[in-house]
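**Student:** A single structure is presented below for examination.
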Amino acid sequence: MGIHEITGGNTKPMNHNWIAFIGKAESLKVQHCDVLYIEQIGKVLHIQKDSGLIRMPGQLKKFSNEVGTPFFLAHSYLLVNFSRVFLMSKSEILFDDLTKKQLSKNTYARTRKQFNEYLAGEKQDN
């Protein structure tokens, strides 16, 4: 697992399957299913994937307004891919690759409620 830096540019949710990360010197396409979560630290987006981390300048709030299911804005700095969540318990999210993220009590309750609705919707769709 490595870290990939993209300088400048922006992110764009392009369709229901992938996201484009467009930088000054390069562009990158990432499948939704490869992303565990996207976290904003300072003015940098950290896109956590199975194969590593992508970092690029950006604002999660702007980006999260454009991207839809299966992503959910769990906190102002954290966008979670519900399709990659294995378990939610005791203020903790466990992803299918066993990565863990802690949430505050209030944020966790709201996120878990939305996750349960996501699961109910998935069951109806299948």
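The chains in the structure tokens are called A, B, ... from first to last as shown; in each chain the residues are counted from 1, and the ligands are counted from 1 in the order shown.
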Which of segment 56-95 of chain A counts as helix (DSSP H, G or I) under DSSP, as a list in words please?

**Tutor:**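 Residues of segment 56-95 of chain A classed as helix (DSSP H, G or I): Leu60, Lys61, Lys62, Phe63, Ser64, Asn65, Glu66, Phe82, Ser83 and Arg84 of chain A.
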
**Student:** With a distance cut-off of 12 Å and only C-alpha atoms, select the neighbouring residues of Ile41 of chain A, excluding the residue or stretch itself and same-chain residues fewer than 2 positions from it, and output the selection as a PDB file with N, CA and C atoms, in the first residue's frame.

**Tutor:**
ATOM      1  N   ILE A  38     -13.469   8.674   2.405  1.00  0.00           N
ATOM      2  CA  ILE A  38     -12.721   9.871   2.021  1.00  0.00           C
ATOM      3  C   ILE A  38     -12.740  10.790   3.233  1.00  0.00           C
ATOM      4  N   GLU A  39     -11.574  11.218   3.644  1.00  0.00           N
ATOM      5  CA  GLU A  39     -11.435  12.027   4.852  1.00  0.00           C
ATOM      6  C   GLU A  39     -10.723  13.327   4.511  1.00  0.00           C
ATOM      7  N   LYS A  43      -6.769  21.020   4.370  1.00  0.00           N
ATOM      8  CA  LYS A  43      -7.325  21.302   3.037  1.00  0.00           C
ATOM      9  C   LYS A  43      -7.009  20.185   2.054  1.00  0.00           C
ATOM     10  N   VAL A  44      -6.752  18.990   2.583  1.00  0.00           N
ATOM     11  CA  VAL A  44      -6.366  17.850   1.754  1.00  0.00           C
ATOM     12  C   VAL A  44      -7.359  16.703   1.939  1.00  0.00           C
ATOM     13  N   LEU A  45      -7.821  16.147   0.812  1.00  0.00           N
ATOM     14  CA  LEU A  45      -8.660  14.963   0.845  1.00  0.00           C
ATOM     15  C   LEU A  45      -7.776  13.721   0.866  1.00  0.00           C
ATOM     16  N   HIS A  46      -8.093  12.794   1.748  1.00  0.00           N
ATOM     17  CA  HIS A  46      -7.403  11.511   1.841  1.00  0.00           C
ATOM     18  C   HIS A  46      -8.400  10.451   1.396  1.00  0.00           C
ATOM     19  N   ILE A  47      -8.157   9.870   0.245  1.00  0.00           N
ATOM     20  CA  ILE A  47      -9.041   8.852  -0.310  1.00  0.00           C
ATOM     21  C   ILE A  47      -8.428   7.497   0.030  1.00  0.00           C
ATOM     22  N   ARG A  55      -3.909  11.329  -1.981  1.00  0.00           N
ATOM     23  CA  ARG A  55      -4.077  12.635  -1.332  1.00  0.00           C
ATOM     24  C   ARG A  55      -4.114  13.706  -2.399  1.00  0.00           C
ATOM     25  N   MET A  56      -5.070  14.624  -2.235  1.00  0.00           N
ATOM     26  CA  MET A  56      -5.136  15.753  -3.150  1.00  0.00           C
ATOM     27  C   MET A  56      -5.868  16.907  -2.474  1.00  0.00           C
ATOM     28  N   PRO A  57      -5.584  18.130  -2.891  1.00  0.00           N
ATOM     29  CA  PRO A  57      -6.287  19.273  -2.321  1.00  0.00           C
ATOM     30  C   PRO A  57      -7.776  19.177  -2.622  1.00  0.00           C
ATOM     31  N   GLY A  58      -8.603  19.614  -1.693  1.00  0.00           N
ATOM     32  CA  GLY A  58     -10.035  19.600  -1.947  1.00  0.00           C
ATOM     33  C   GLY A  58     -10.844  19.849  -0.698  1.00  0.00           C
ATOM     34  N   GLN A  59     -12.138  20.042  -0.897  1.00  0.00           N
ATOM     35  CA  GLN A  59     -13.080  20.253   0.195  1.00  0.00           C
ATOM     36  C   GLN A  59     -14.159  19.182   0.135  1.00  0.00           C
ATOM     37  N   LEU A  60     -14.274  18.437   1.198  1.00  0.00           N
ATOM     38  CA  LEU A  60     -15.213  17.321   1.245  1.00  0.00           C
ATOM     39  C   LEU A  60     -16.664  17.785   1.163  1.00  0.00           C
ATOM     40  N   SER A  76     -18.443  16.152   9.094  1.00  0.00           N
ATOM     41  CA  SER A  76     -18.012  17.187   8.142  1.00  0.00           C
ATOM     42  C   SER A  76     -16.680  16.838   7.482  1.00  0.00           C
ATOM     43  N   TYR A  77     -15.911  15.956   8.089  1.00  0.00           N
ATOM     44  CA  TYR A  77     -14.607  15.588   7.548  1.00  0.00           C
ATOM     45  C   TYR A  77     -14.533  14.138   7.059  1.00  0.00           C
ATOM     46  N   LEU A  78     -15.644  13.391   7.094  1.00  0.00           N
ATOM     47  CA  LEU A  78     -15.582  11.962   6.773  1.00  0.00           C
ATOM     48  C   LEU A  78     -16.761  11.515   5.914  1.00  0.00           C
TER      49      LEU A  78
END

**Student:** Would you mind reading off the distance between atom CA of Asn65 of chain A and atom CA of Arg112 of chain A, one decimal, in Å?

**Tutor:**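 Between atom CA of Asn65 of chain A and atom CA of Arg112 of chain A the gap is 19.6 Å.
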
**Student:** Counting only C-alpha atoms, what is within 9 Å of Ser64 of chain A, bar same-chain residues fewer than 4 positions away, as number ranges by chain?

**Tutor:** A: 13, 59-60, 68, 71-73, 79

**Student:** So the first atom is atom CA of Leu94 of chain A and the second is atom CA of Phe21 of chain A; what is the distance between them in Å, to one decimal place?

**Tutor:** 25.7 Å

**Student:** Phe82 of chain A: which residues within 9 Å, counting only C-alpha atoms, same-chain residues fewer than 3 positions away excluded, as a ChimeraX atom specification?

**Tutor:** /A:36-37,69-72,85-86,95,115,118-119

**Student:** DSSP on the backbone, then: every residue of segment 11-99 of chain A marked strand (DSSP E), written as a ChimeraX atom specification.

**Tutor:** /A:11-13,18-22,27-31,35-41,44-49,52-57,71-75,78-81,85-89,92-95
